[in-house]
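Below is my_file_27.csv, which holds CSV, C-alpha atoms.
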```
chain,number,residue,atom,x,y,z
V,1,MET,CA,-16.1,15.4,30.5
V,2,GLY,CA,-19.3,13.7,29.5
V,3,ARG,CA,-19.5,10.1,28.6
V,4,TRP,CA,-18.6,8.9,25.1
V,5,GLU,CA,-21.6,9.0,22.7
V,6,PRO,CA,-21.4,7.0,19.5
V,7,ASN,CA,-21.4,9.2,16.4
V,8,ALA,CA,-22.6,12.2,18.4
V,9,SER,CA,-21.5,14.6,15.7
V,10,GLY,CA,-23.4,12.8,13.0
V,11,ARG,CA,-26.6,12.5,15.1
V,12,LEU,CA,-26.4,16.2,16.0
V,13,ARG,CA,-26.0,17.2,12.3
V,14,GLU,CA,-29.0,15.1,11.3
V,15,ALA,CA,-31.1,16.4,14.1
V,16,ALA,CA,-30.2,20.0,13.3
V,17,LEU,CA,-31.1,19.6,9.7
V,18,GLU,CA,-34.4,18.0,10.5
V,19,LEU,CA,-35.3,20.8,12.8
V,20,TYR,CA,-34.1,23.6,10.5
V,21,ILE,CA,-36.4,22.2,7.8
V,22,GLU,CA,-39.3,21.5,10.1
V,23,ARG,CA,-39.4,24.9,11.9
V,24,GLY,CA,-36.8,27.1,10.3
V,25,TYR,CA,-33.2,27.8,11.2
V,26,GLU,CA,-34.0,31.0,13.1
V,27,LEU,CA,-36.5,29.3,15.5
V,28,THR,CA,-34.4,26.3,16.3
V,29,THR,CA,-32.3,26.2,19.5
V,30,VAL,CA,-29.2,24.2,20.4
V,31,ALA,CA,-31.2,22.7,23.3
V,32,GLU,CA,-33.8,21.4,20.8
V,33,ILE,CA,-31.1,20.0,18.5
V,34,ALA,CA,-29.4,18.1,21.4
V,35,ALA,CA,-32.8,16.8,22.6
V,36,ARG,CA,-33.8,15.5,19.2
V,37,ALA,CA,-30.4,13.7,18.9
V,38,GLY,CA,-30.9,12.3,22.4
V,39,LEU,CA,-27.9,14.2,23.7
V,40,THR,CA,-27.2,17.1,26.0
V,41,ALA,CA,-26.4,20.7,25.0
V,42,ARG,CA,-23.0,20.2,26.7
V,43,THR,CA,-22.3,17.4,24.2
V,44,PHE,CA,-23.4,19.7,21.3
V,45,PHE,CA,-20.9,22.3,22.4
V,46,ARG,CA,-18.1,19.8,22.5
V,47,HIS,CA,-18.7,19.3,18.7
V,48,PHE,CA,-19.9,22.7,17.4
V,49,ALA,CA,-19.4,26.3,18.4
V,50,ASP,CA,-23.0,27.2,17.7
V,51,LYS,CA,-26.1,26.2,15.7
V,52,ARG,CA,-24.7,27.8,12.5
V,53,GLU,CA,-21.5,25.8,12.5
V,54,VAL,CA,-23.4,22.5,12.5
V,55,LEU,CA,-23.9,23.3,8.8
V,56,PHE,CA,-20.3,24.2,8.1
V,57,ALA,CA,-18.5,21.4,10.0
V,58,GLY,CA,-16.0,19.9,7.7
V,59,SER,CA,-15.2,23.1,5.7
V,60,THR,CA,-11.7,23.2,7.1
V,61,SER,CA,-11.0,19.5,6.4
V,62,LEU,CA,-12.5,19.9,2.9
V,63,GLN,CA,-10.2,22.8,2.3
V,64,ASP,CA,-7.1,21.0,3.6
V,65,GLN,CA,-7.8,18.0,1.4
V,66,LEU,CA,-8.4,20.1,-1.7
V,67,VAL,CA,-5.1,21.9,-1.1
V,68,THR,CA,-3.3,18.6,-0.5
V,69,THR,CA,-4.6,17.3,-3.9
V,70,LEU,CA,-3.6,20.5,-5.6
V,71,GLU,CA,-0.1,20.2,-4.2
V,72,GLY,CA,0.2,16.6,-5.1
V,73,ALA,CA,-0.8,17.0,-8.8
V,74,PRO,CA,2.0,16.1,-11.2
V,75,ARG,CA,4.5,19.0,-11.8
V,76,SER,CA,3.6,18.8,-15.5
V,77,ALA,CA,-0.1,19.6,-14.7
V,78,SER,CA,-1.4,23.0,-15.9
V,79,PRO,CA,-3.0,25.2,-13.3
V,80,MET,CA,-6.5,24.2,-14.4
V,81,GLU,CA,-5.5,20.5,-14.4
V,82,ALA,CA,-4.4,20.9,-10.8
V,83,VAL,CA,-7.6,22.6,-10.0
V,84,ALA,CA,-9.6,19.9,-11.8
V,85,ALA,CA,-7.9,17.3,-9.6
V,86,ALA,CA,-8.9,19.2,-6.5
V,87,LEU,CA,-12.5,19.3,-7.7
V,88,ASP,CA,-12.4,15.5,-8.1
V,89,THR,CA,-11.4,15.3,-4.5
V,90,ALA,CA,-14.2,17.6,-3.5
V,91,ALA,CA,-16.7,15.4,-5.4
V,92,GLU,CA,-15.3,12.3,-3.6
V,93,LEU,CA,-15.8,14.0,-0.2
V,94,LEU,CA,-19.1,15.7,-0.8
V,95,GLY,CA,-20.7,13.4,-3.3
V,96,GLU,CA,-21.6,10.5,-1.0
V,97,ASN,CA,-24.8,11.8,0.5
V,98,ARG,CA,-26.8,13.8,-2.0
V,99,GLU,CA,-30.0,13.8,0.1
V,100,PHE,CA,-28.1,15.4,3.0
V,101,SER,CA,-26.5,18.0,0.7
V,102,ARG,CA,-29.9,18.7,-0.9
V,103,ARG,CA,-31.5,19.4,2.5
V,104,ARG,CA,-28.6,21.5,3.7
V,105,GLN,CA,-28.8,23.6,0.5
V,106,LEU,CA,-32.5,24.2,1.1
V,107,VAL,CA,-31.8,25.5,4.7
V,108,ILE,CA,-28.9,27.7,3.5
V,109,ALA,CA,-30.9,29.2,0.6
V,110,ALA,CA,-33.7,30.2,3.0
V,111,ASN,CA,-31.5,32.3,5.4
V,112,ALA,CA,-29.5,35.4,4.5
V,113,GLU,CA,-27.0,34.9,7.4
V,114,LEU,CA,-26.3,31.3,6.2
V,115,ARG,CA,-26.0,32.4,2.5
V,116,GLU,CA,-23.3,34.9,3.7
V,117,ARG,CA,-21.5,32.3,5.6
V,118,GLU,CA,-21.5,30.0,2.5
V,119,LEU,CA,-20.1,32.9,0.4
V,120,ILE,CA,-17.3,33.4,2.9
V,121,LYS,CA,-16.6,29.7,2.9
V,122,MET,CA,-16.3,29.7,-0.9
V,123,ALA,CA,-14.1,32.8,-0.9
V,124,THR,CA,-11.9,31.2,1.7
V,125,LEU,CA,-11.7,28.1,-0.4
V,126,SER,CA,-10.8,30.1,-3.4
V,127,GLY,CA,-8.0,31.9,-1.5
V,128,ALA,CA,-6.6,28.5,-0.3
V,129,LEU,CA,-6.6,27.1,-3.9
V,130,ALA,CA,-4.8,30.3,-5.1
V,131,ASP,CA,-2.2,29.9,-2.4
V,132,GLY,CA,-1.8,26.3,-3.3
V,133,LEU,CA,-1.2,27.3,-7.0
V,134,ARG,CA,1.3,29.9,-5.9
V,135,GLN,CA,3.1,27.1,-4.0
V,136,ARG,CA,3.3,25.3,-7.3
V,137,GLY,CA,5.0,28.3,-8.9
V,138,VAL,CA,1.9,29.7,-10.6
V,139,ALA,CA,2.1,33.5,-10.6
V,140,ASP,CA,-0.7,36.0,-10.0
V,141,PRO,CA,-3.2,36.8,-11.5
V,142,ILE,CA,-3.2,33.3,-13.1
V,143,ALA,CA,-3.3,31.7,-9.7
V,144,ARG,CA,-6.3,33.7,-8.5
V,145,LEU,CA,-8.1,33.4,-11.9
V,146,ALA,CA,-7.7,29.6,-11.9
V,147,ALA,CA,-8.8,29.3,-8.3
V,148,GLU,CA,-11.9,31.5,-8.9
V,149,ALA,CA,-12.8,29.6,-12.1
V,150,GLY,CA,-12.5,26.3,-10.1
V,151,ILE,CA,-14.8,27.6,-7.4
V,152,ALA,CA,-17.3,28.9,-10.0
V,153,VAL,CA,-17.4,25.3,-11.4
V,154,PHE,CA,-17.7,23.9,-8.0
V,155,ARG,CA,-20.7,26.1,-7.0
V,156,VAL,CA,-22.6,25.7,-10.2
V,157,ALA,CA,-22.0,22.0,-10.4
V,158,PHE,CA,-22.9,21.4,-6.7
V,159,GLU,CA,-26.2,23.3,-7.1
V,160,ARG,CA,-27.0,21.5,-10.2
V,161,TRP,CA,-26.2,18.1,-8.7
V,162,VAL,CA,-28.4,18.6,-5.7
V,163,GLY,CA,-31.3,19.9,-7.8
V,164,GLU,CA,-31.4,17.2,-10.5
V,165,PRO,CA,-34.1,14.5,-10.3
V,166,GLU,CA,-31.5,11.7,-10.4
V,167,ASP,CA,-28.1,11.4,-8.9
V,168,ARG,CA,-25.5,11.3,-11.7
V,169,GLY,CA,-22.6,11.5,-9.4
V,170,LEU,CA,-21.1,14.8,-8.3
V,171,ALA,CA,-17.7,14.1,-10.1
V,172,GLN,CA,-19.5,13.7,-13.4
V,173,VAL,CA,-21.5,16.9,-13.0
V,174,MET,CA,-18.3,18.8,-12.0
V,175,ARG,CA,-16.4,17.6,-15.0
V,176,GLU,CA,-19.3,18.5,-17.2
V,177,ALA,CA,-19.4,22.0,-15.8
V,178,LEU,CA,-15.7,22.4,-16.3
V,179,ASP,CA,-16.0,21.3,-19.9
V,180,GLU,CA,-18.9,23.8,-20.3
V,181,LEU,CA,-16.7,26.6,-18.8
V,182,LYS,CA,-14.0,25.7,-21.3
V,183,ALA,CA,-16.4,25.8,-24.2
V,184,LEU,CA,-17.8,29.1,-23.0
V,185,THR,CA,-14.5,30.9,-22.7
V,186,GLY,CA,-13.1,29.2,-25.7
V,187,ALA,CA,-16.1,30.0,-27.9
V,188,GLN,CA,-14.6,33.0,-29.6
V,189,VAL,CA,-11.0,31.8,-30.1
V,190,PRO,CA,-9.8,32.9,-33.6
V,191,ALA,CA,-12.3,35.8,-34.3
V,192,ARG,CA,-12.1,37.0,-30.7
V,193,ARG,CA,-11.4,40.7,-31.2
V,194,ARG,CA,-14.0,42.5,-33.4
T,1,MET,CA,-35.7,69.4,4.8
T,2,GLY,CA,-32.2,70.9,5.0
T,3,ARG,CA,-30.8,73.3,2.5
T,4,TRP,CA,-29.3,72.1,-0.7
T,5,GLU,CA,-25.6,71.3,-0.4
T,6,PRO,CA,-23.5,71.2,-3.5
T,7,ASN,CA,-22.1,67.6,-4.1
T,8,ALA,CA,-23.0,66.6,-0.6
T,9,SER,CA,-22.8,62.9,-1.5
T,10,GLY,CA,-19.3,63.1,-3.0
T,11,ARG,CA,-18.0,65.2,-0.1
T,12,LEU,CA,-19.4,62.7,2.4
T,13,ARG,CA,-17.8,59.8,0.6
T,14,GLU,CA,-14.5,61.5,0.5
T,15,ALA,CA,-14.7,62.5,4.2
T,16,ALA,CA,-15.7,58.9,5.1
T,17,LEU,CA,-12.8,57.4,3.2
T,18,GLU,CA,-10.3,59.8,4.8
T,19,LEU,CA,-11.5,59.0,8.3
T,20,TYR,CA,-11.7,55.2,7.7
T,21,ILE,CA,-8.1,55.3,6.6
T,22,GLU,CA,-6.9,57.7,9.4
T,23,ARG,CA,-8.6,56.0,12.3
T,24,GLY,CA,-10.2,52.9,11.0
T,25,TYR,CA,-13.7,52.1,9.9
T,26,GLU,CA,-14.9,50.7,13.3
T,27,LEU,CA,-13.9,53.8,15.2
T,28,THR,CA,-15.4,56.4,12.8
T,29,THR,CA,-18.9,57.8,13.5
T,30,VAL,CA,-21.4,59.3,11.2
T,31,ALA,CA,-21.2,62.6,13.1
T,32,GLU,CA,-17.5,62.7,12.4
T,33,ILE,CA,-18.0,62.0,8.7
T,34,ALA,CA,-20.6,64.8,8.4
T,35,ALA,CA,-18.4,67.2,10.4
T,36,ARG,CA,-15.4,66.5,8.2
T,37,ALA,CA,-17.5,67.1,5.1
T,38,GLY,CA,-18.8,70.4,6.7
T,39,LEU,CA,-22.3,68.9,6.7
T,40,THR,CA,-24.8,67.7,9.3
T,41,ALA,CA,-25.6,64.1,10.3
T,42,ARG,CA,-29.2,64.8,9.0
T,43,THR,CA,-27.7,65.5,5.5
T,44,PHE,CA,-25.6,62.3,5.8
T,45,PHE,CA,-28.8,60.2,6.4
T,46,ARG,CA,-30.5,61.8,3.4
T,47,HIS,CA,-27.8,60.2,1.3
T,48,PHE,CA,-26.7,57.0,3.0
T,49,ALA,CA,-28.4,54.5,5.3
T,50,ASP,CA,-25.3,54.1,7.5
T,51,LYS,CA,-21.6,54.4,7.5
T,52,ARG,CA,-21.1,51.1,5.7
T,53,GLU,CA,-23.3,52.1,2.8
T,54,VAL,CA,-21.1,55.1,2.0
T,55,LEU,CA,-18.7,52.5,0.6
T,56,PHE,CA,-21.3,50.7,-1.4
T,57,ALA,CA,-23.3,53.6,-2.9
T,58,GLY,CA,-23.6,53.0,-6.6
T,59,SER,CA,-23.8,49.2,-6.4
T,60,THR,CA,-27.3,49.1,-7.6
T,61,SER,CA,-26.7,51.6,-10.4
T,62,LEU,CA,-23.6,49.6,-11.5
T,63,GLN,CA,-25.6,46.5,-11.6
T,64,ASP,CA,-28.4,48.1,-13.6
T,65,GLN,CA,-26.0,49.4,-16.1
T,66,LEU,CA,-24.2,46.1,-16.5
T,67,VAL,CA,-27.5,44.3,-17.1
T,68,THR,CA,-28.6,46.9,-19.6
T,69,THR,CA,-25.3,46.4,-21.6
T,70,LEU,CA,-25.8,42.7,-21.4
T,71,GLU,CA,-29.3,42.9,-22.7
T,72,GLY,CA,-28.3,45.3,-25.4
T,73,ALA,CA,-25.5,43.1,-26.8
T,74,PRO,CA,-26.1,41.9,-30.4
T,75,ARG,CA,-28.2,38.8,-30.6
T,76,SER,CA,-25.3,37.1,-32.3
T,77,ALA,CA,-23.0,37.6,-29.3
T,78,SER,CA,-22.0,34.5,-27.4
T,79,PRO,CA,-22.7,34.5,-23.6
T,80,MET,CA,-19.1,35.4,-22.9
T,81,GLU,CA,-19.1,38.2,-25.5
T,82,ALA,CA,-22.2,39.6,-23.8
T,83,VAL,CA,-20.5,39.3,-20.4
T,84,ALA,CA,-17.3,40.9,-21.9
T,85,ALA,CA,-19.4,43.9,-23.1
T,86,ALA,CA,-20.8,44.2,-19.5
T,87,LEU,CA,-17.3,44.2,-18.2
T,88,ASP,CA,-16.4,47.1,-20.5
T,89,THR,CA,-19.2,49.0,-19.1
T,90,ALA,CA,-18.0,48.3,-15.6
T,91,ALA,CA,-14.5,49.5,-16.5
T,92,GLU,CA,-16.0,52.7,-17.8
T,93,LEU,CA,-18.0,53.3,-14.7
T,94,LEU,CA,-15.4,52.3,-12.2
T,95,GLY,CA,-12.2,53.1,-14.0
T,96,GLU,CA,-12.2,56.9,-13.6
T,97,ASN,CA,-10.8,57.4,-10.2
T,98,ARG,CA,-8.2,54.8,-9.4
T,99,GLU,CA,-7.0,56.6,-6.3
T,100,PHE,CA,-10.5,56.5,-4.7
T,101,SER,CA,-10.9,52.8,-5.6
T,102,ARG,CA,-7.5,52.0,-4.2
T,103,ARG,CA,-8.2,53.6,-0.9
T,104,ARG,CA,-11.7,52.1,-0.7
T,105,GLN,CA,-10.1,48.6,-1.3
T,106,LEU,CA,-7.7,49.2,1.6
T,107,VAL,CA,-10.5,50.0,3.9
T,108,ILE,CA,-12.6,47.0,2.8
T,109,ALA,CA,-9.6,44.6,3.1
T,110,ALA,CA,-9.0,45.7,6.7
T,111,ASN,CA,-12.5,44.8,8.0
T,112,ALA,CA,-14.3,41.5,8.0
T,113,GLU,CA,-17.8,43.0,7.9
T,114,LEU,CA,-16.9,45.0,4.8
T,115,ARG,CA,-15.3,42.1,3.1
T,116,GLU,CA,-18.5,40.1,3.6
T,117,ARG,CA,-20.6,43.0,2.3
T,118,GLU,CA,-18.3,43.1,-0.8
T,119,LEU,CA,-18.7,39.3,-1.3
T,120,ILE,CA,-22.5,39.8,-1.1
T,121,LYS,CA,-22.3,42.6,-3.7
T,122,MET,CA,-20.3,40.4,-6.0
T,123,ALA,CA,-22.7,37.4,-5.6
T,124,THR,CA,-25.7,39.7,-6.3
T,125,LEU,CA,-24.0,41.1,-9.4
T,126,SER,CA,-23.3,37.5,-10.6
T,127,GLY,CA,-27.0,36.6,-10.0
T,128,ALA,CA,-28.1,39.7,-12.0
T,129,LEU,CA,-25.7,38.8,-14.9
T,130,ALA,CA,-27.0,35.2,-14.9
T,131,ASP,CA,-30.6,36.6,-15.0
T,132,GLY,CA,-29.7,38.9,-17.9
T,133,LEU,CA,-28.2,35.9,-19.8
T,134,ARG,CA,-31.4,33.9,-19.2
T,135,GLN,CA,-33.4,36.8,-20.7
T,136,ARG,CA,-31.2,36.4,-23.8
T,137,GLY,CA,-32.2,32.8,-24.0
T,138,VAL,CA,-29.1,31.3,-22.5
T,139,ALA,CA,-30.0,28.2,-20.5
T,140,ASP,CA,-28.6,27.1,-17.1
T,141,PRO,CA,-26.0,26.1,-16.1
T,142,ILE,CA,-24.3,28.1,-18.9
T,143,ALA,CA,-25.9,31.3,-17.8
T,144,ARG,CA,-24.6,30.9,-14.2
T,145,LEU,CA,-21.2,29.7,-15.3
T,146,ALA,CA,-20.7,32.6,-17.7
T,147,ALA,CA,-21.8,35.1,-15.1
T,148,GLU,CA,-19.5,33.6,-12.4
T,149,ALA,CA,-16.6,33.6,-14.9
T,150,GLY,CA,-17.3,37.2,-15.6
T,151,ILE,CA,-17.4,38.1,-12.0
T,152,ALA,CA,-14.1,36.2,-11.4
T,153,VAL,CA,-12.5,38.3,-14.2
T,154,PHE,CA,-14.0,41.5,-12.7
T,155,ARG,CA,-12.7,40.8,-9.2
T,156,VAL,CA,-9.2,39.7,-10.2
T,157,ALA,CA,-8.8,42.5,-12.7
T,158,PHE,CA,-10.1,45.2,-10.3
T,159,GLU,CA,-7.7,44.1,-7.5
T,160,ARG,CA,-4.8,44.0,-10.0
T,161,TRP,CA,-5.7,47.4,-11.4
T,162,VAL,CA,-5.8,49.2,-8.0
T,163,GLY,CA,-2.6,47.5,-6.9
T,164,GLU,CA,-0.4,48.2,-9.9
T,165,PRO,CA,2.2,51.0,-9.8
T,166,GLU,CA,0.8,52.8,-12.9
T,167,ASP,CA,-2.7,53.2,-14.1
T,168,ARG,CA,-3.1,51.1,-17.3
T,169,GLY,CA,-6.8,51.6,-17.5
T,170,LEU,CA,-9.3,49.3,-16.0
T,171,ALA,CA,-10.7,48.2,-19.3
T,172,GLN,CA,-7.3,47.0,-20.5
T,173,VAL,CA,-6.7,45.1,-17.3
T,174,MET,CA,-10.1,43.5,-17.6
T,175,ARG,CA,-9.6,42.4,-21.2
T,176,GLU,CA,-6.2,41.0,-20.3
T,177,ALA,CA,-7.7,39.0,-17.4
T,178,LEU,CA,-10.4,37.7,-19.7
T,179,ASP,CA,-7.8,36.5,-22.2
T,180,GLU,CA,-5.9,34.9,-19.4
T,181,LEU,CA,-9.0,33.0,-18.3
T,182,LYS,CA,-9.5,31.8,-21.8
T,183,ALA,CA,-5.9,30.7,-22.1
T,184,LEU,CA,-6.2,28.9,-18.7
T,185,THR,CA,-9.4,27.0,-19.4
T,186,GLY,CA,-8.1,26.2,-22.8
T,187,ALA,CA,-5.0,24.7,-21.4
T,188,GLN,CA,-5.9,21.1,-22.2
T,189,VAL,CA,-6.0,21.8,-25.9
T,190,PRO,CA,-3.0,19.7,-27.1
T,191,ALA,CA,-0.7,22.4,-28.4
T,192,ARG,CA,-0.7,24.3,-25.1
T,193,ARG,CA,0.3,21.3,-23.0
T,194,ARG,CA,3.8,21.5,-21.5
```
Starting from the coordinates I provided, produce the structure as structure tokens.
Amino acid sequence: MGRWEPNASGRLREAALELYIERGYELTTVAEIAARAGLTARTFFRHFADKREVLFAGSTSLQDQLVTTLEGAPRSASPMEAVAAALDTAAELLGENREFSRRRQLVIAANAELRERELIKMATLSGALADGLRQRGVADPIARLAAEAGIAVFRVAFERWVGEPEDRGLAQVMREALDELKALTGAQVPARRR
Amino acid sequence: MGRWEPNASGRLREAALELYIERGYELTTVAEIAARAGLTARTFFRHFADKREVLFAGSTSLQDQLVTTLEGAPRSASPMEAVAAALDTAAELLGENREFSRRRQLVIAANAELRERELIKMATLSGALADGLRQRGVADPIARLAAEAGIAVFRVAFERWVGEPEDRGLAQVMREALDELKALTGAQVPARRR
């Protein structure tokens, strides 16, 4: 066991992000990340499985907290209201450090393997939300549709939030995207079938 | 150049699917697929880059035809109406052979690499639909949201269609899923609150 290092995980994430932006994800090694953080590779591997997972740490915890929110929504909440509550939790957890999110997004957009990993993360999150809705007694395909719609809002809002010149707050951007989705899908209501 | 083989591509797809189901995707080789189809490996490689792509042949053509439909929708069509027209085209193209789709889905569900490839295909399709909407003058984030919502409907409906005991027609299942999405996202309209 190595000695205790204060905030080793945060220092490693910051060092990794710096290096991925400076010289590219592919060309950065774990040894370099550890050195930049003033830590050893052994310490790196106590916190992360590999250099890719530095960018995806917290996915499981995010997922758990979204599902907890979903499950805790009032029994009277509609499926989309429960999903909206989960999105508020996501905004709370992810909305604190826009600069970090913005840089992480740049790194992911530049690498096919990371984009795939991000797609898998989102699909897993959607599956977890659908399971949470089924736990609430929502039947398929409604559970899957509501989860997929929630994830669509999440992705679009997140990308918009990191790309905007000023930080309006992730929660606000998410609620706006959800309202836009409602307007979109509701646009045809009475004359729907032509 | 080998001699011309009638419907080589269809025979190879059918042979591949049979083998993937009998012995698993991982354990099947290109030589075995070609042998089962009564063809040579050389013929296989004239049609497909590798054994994975046998399952994804037609993705590009599907995408092109969806985008063409989207672009050809009346100028008065709302973003979701244009997306719904593209989904009708998808149903026409994919809805013919439910048994093939059902078996393909089984193979994909059983293998992580194939599930990832399928996620990438869907993300690419969503990107193409969003681009098509932008060509119609739809601004972001509406273009992205409408495309993502369309892909969510597509995925949920497709899985439902292949899983149901009887074949109701993919177009009908897609329209039903779209209506369900509309009802879901409209759930905060006062009258629908429980």
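Shortest atom-to-atom contact with Arg75 of chain T among T:Gln105, T:Gln135, T:Thr40, T:Ser61: T:Gln135, counting all atoms listed in the file.
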- Give as a PyMOL selection string every residue of chain T that touches chain V within 9 Å, counting all atoms listed in the file. chain T and resi 78-81+115-117+119-120+123+141-142+144-146+148-149+152-153+156-157+160+177-188+193-194
A straight line from atom CA of Leu133 of chain V to atom CA of Ala73 of chain V spans 10.5 Å
Could you name the residues that touch segment 24-28 of chain T at 10 Å or less, counting only C-alpha atoms, but leaving out those on the same chain fewer than 3 positions away, as a PyMOL selection string?
chain T and resi 16-21+31-33+51-52+107-108+110-111+113-114
Between atom CA of Ala8 of chain T and atom CA of Leu94 of chain T lies a distance of 19.9 Å
Excluding same-chain residues fewer than 6 positions from Gln65 of chain V, what lies within 12 Å of it counting all atoms listed in the file, as a short mmCIF file (atom, residue, chain, number, x, y, z; two decimals) with C-alpha atoms, in the coordinates of the input?
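Output file result-v6.cif is given in full below:
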```cif
data_model
loop_
_atom_site.label_atom_id
_atom_site.label_comp_id
_atom_site.auth_asym_id
_atom_site.auth_seq_id
_atom_site.Cartn_x
_atom_site.Cartn_y
_atom_site.Cartn_z
CA GLY V 58 -16.00 19.90 7.70
CA SER V 59 -15.20 23.10 5.70
CA GLU V 71 -0.10 20.20 -4.20
CA GLY V 72 0.20 16.60 -5.10
CA ALA V 85 -7.90 17.30 -9.60
CA ALA V 86 -8.90 19.20 -6.50
CA LEU V 87 -12.50 19.30 -7.70
CA ASP V 88 -12.40 15.50 -8.10
CA THR V 89 -11.40 15.30 -4.50
CA ALA V 90 -14.20 17.60 -3.50
CA ALA V 91 -16.70 15.40 -5.40
CA GLU V 92 -15.30 12.30 -3.60
CA LEU V 93 -15.80 14.00 -0.20
CA LEU V 94 -19.10 15.70 -0.80
CA LEU V 125 -11.70 28.10 -0.40
CA ALA V 128 -6.60 28.50 -0.30
CA LEU V 129 -6.60 27.10 -3.90
CA GLY V 132 -1.80 26.30 -3.30
#
```
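Atom pair atom CA of Glu96 of chain V / atom CA of Gln172 of chain V has a distance of 13.0 Å (rounded to one decimal).
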Between T:Val138, T:Arg13, T:Ala82, T:Thr124, smallest distance to Leu62 of chain T by only C-alpha atoms belongs to T:Thr124
Would you please take segment 9-22 of chain V of the structure in the block above and write N, CA, C and O atoms to a file as a tab-separated table (two decimals), in the first residue's frame?
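Contents of out_36.tsv, freshly written:
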```tsv
chain	number	residue	atom	x	y	z
V	9	SER	N	-7.18	11.31	-6.71
V	9	SER	CA	-8.06	11.06	-7.84
V	9	SER	C	-8.35	12.34	-8.63
V	9	SER	O	-8.25	12.37	-9.86
V	10	GLY	N	-8.63	13.43	-7.95
V	10	GLY	CA	-8.88	14.70	-8.62
V	10	GLY	C	-7.64	15.22	-9.34
V	10	GLY	O	-7.72	15.72	-10.46
V	11	ARG	N	-6.46	15.06	-8.69
V	11	ARG	CA	-5.22	15.52	-9.33
V	11	ARG	C	-4.94	14.70	-10.59
V	11	ARG	O	-4.49	15.25	-11.60
V	12	LEU	N	-5.20	13.40	-10.54
V	12	LEU	CA	-4.97	12.54	-11.71
V	12	LEU	C	-5.91	12.90	-12.85
V	12	LEU	O	-5.50	12.96	-14.02
V	13	ARG	N	-7.16	13.17	-12.51
V	13	ARG	CA	-8.12	13.53	-13.56
V	13	ARG	C	-7.70	14.83	-14.24
V	13	ARG	O	-7.75	14.95	-15.46
V	14	GLU	N	-7.30	15.81	-13.43
V	14	GLU	CA	-6.90	17.10	-13.98
V	14	GLU	C	-5.65	16.95	-14.84
V	14	GLU	O	-5.57	17.48	-15.96
V	15	ALA	N	-4.69	16.18	-14.35
V	15	ALA	CA	-3.44	15.96	-15.11
V	15	ALA	C	-3.74	15.25	-16.42
V	15	ALA	O	-3.19	15.61	-17.48
V	16	ALA	N	-4.60	14.24	-16.37
V	16	ALA	CA	-4.93	13.48	-17.58
V	16	ALA	C	-5.57	14.40	-18.62
V	16	ALA	O	-5.18	14.40	-19.80
V	17	LEU	N	-6.52	15.21	-18.17
V	17	LEU	CA	-7.22	16.11	-19.08
V	17	LEU	C	-6.24	17.10	-19.73
V	17	LEU	O	-6.28	17.34	-20.94
V	18	GLU	N	-5.35	17.64	-18.93
V	18	GLU	CA	-4.34	18.57	-19.46
V	18	GLU	C	-3.54	17.90	-20.58
V	18	GLU	O	-3.36	18.45	-21.66
V	19	LEU	N	-3.08	16.68	-20.29
V	19	LEU	CA	-2.22	15.98	-21.25
V	19	LEU	C	-3.00	15.56	-22.49
V	19	LEU	O	-2.49	15.65	-23.61
V	20	TYR	N	-4.24	15.12	-22.30
V	20	TYR	CA	-5.05	14.71	-23.46
V	20	TYR	C	-5.26	15.89	-24.40
V	20	TYR	O	-5.32	15.73	-25.62
V	21	ILE	N	-5.40	17.09	-23.82
V	21	ILE	CA	-5.60	18.27	-24.66
V	21	ILE	C	-4.28	18.72	-25.28
V	21	ILE	O	-4.22	19.05	-26.46
V	22	GLU	N	-3.21	18.67	-24.50
V	22	GLU	CA	-1.91	19.13	-25.01
V	22	GLU	C	-1.37	18.25	-26.13
V	22	GLU	O	-0.91	18.72	-27.15
```
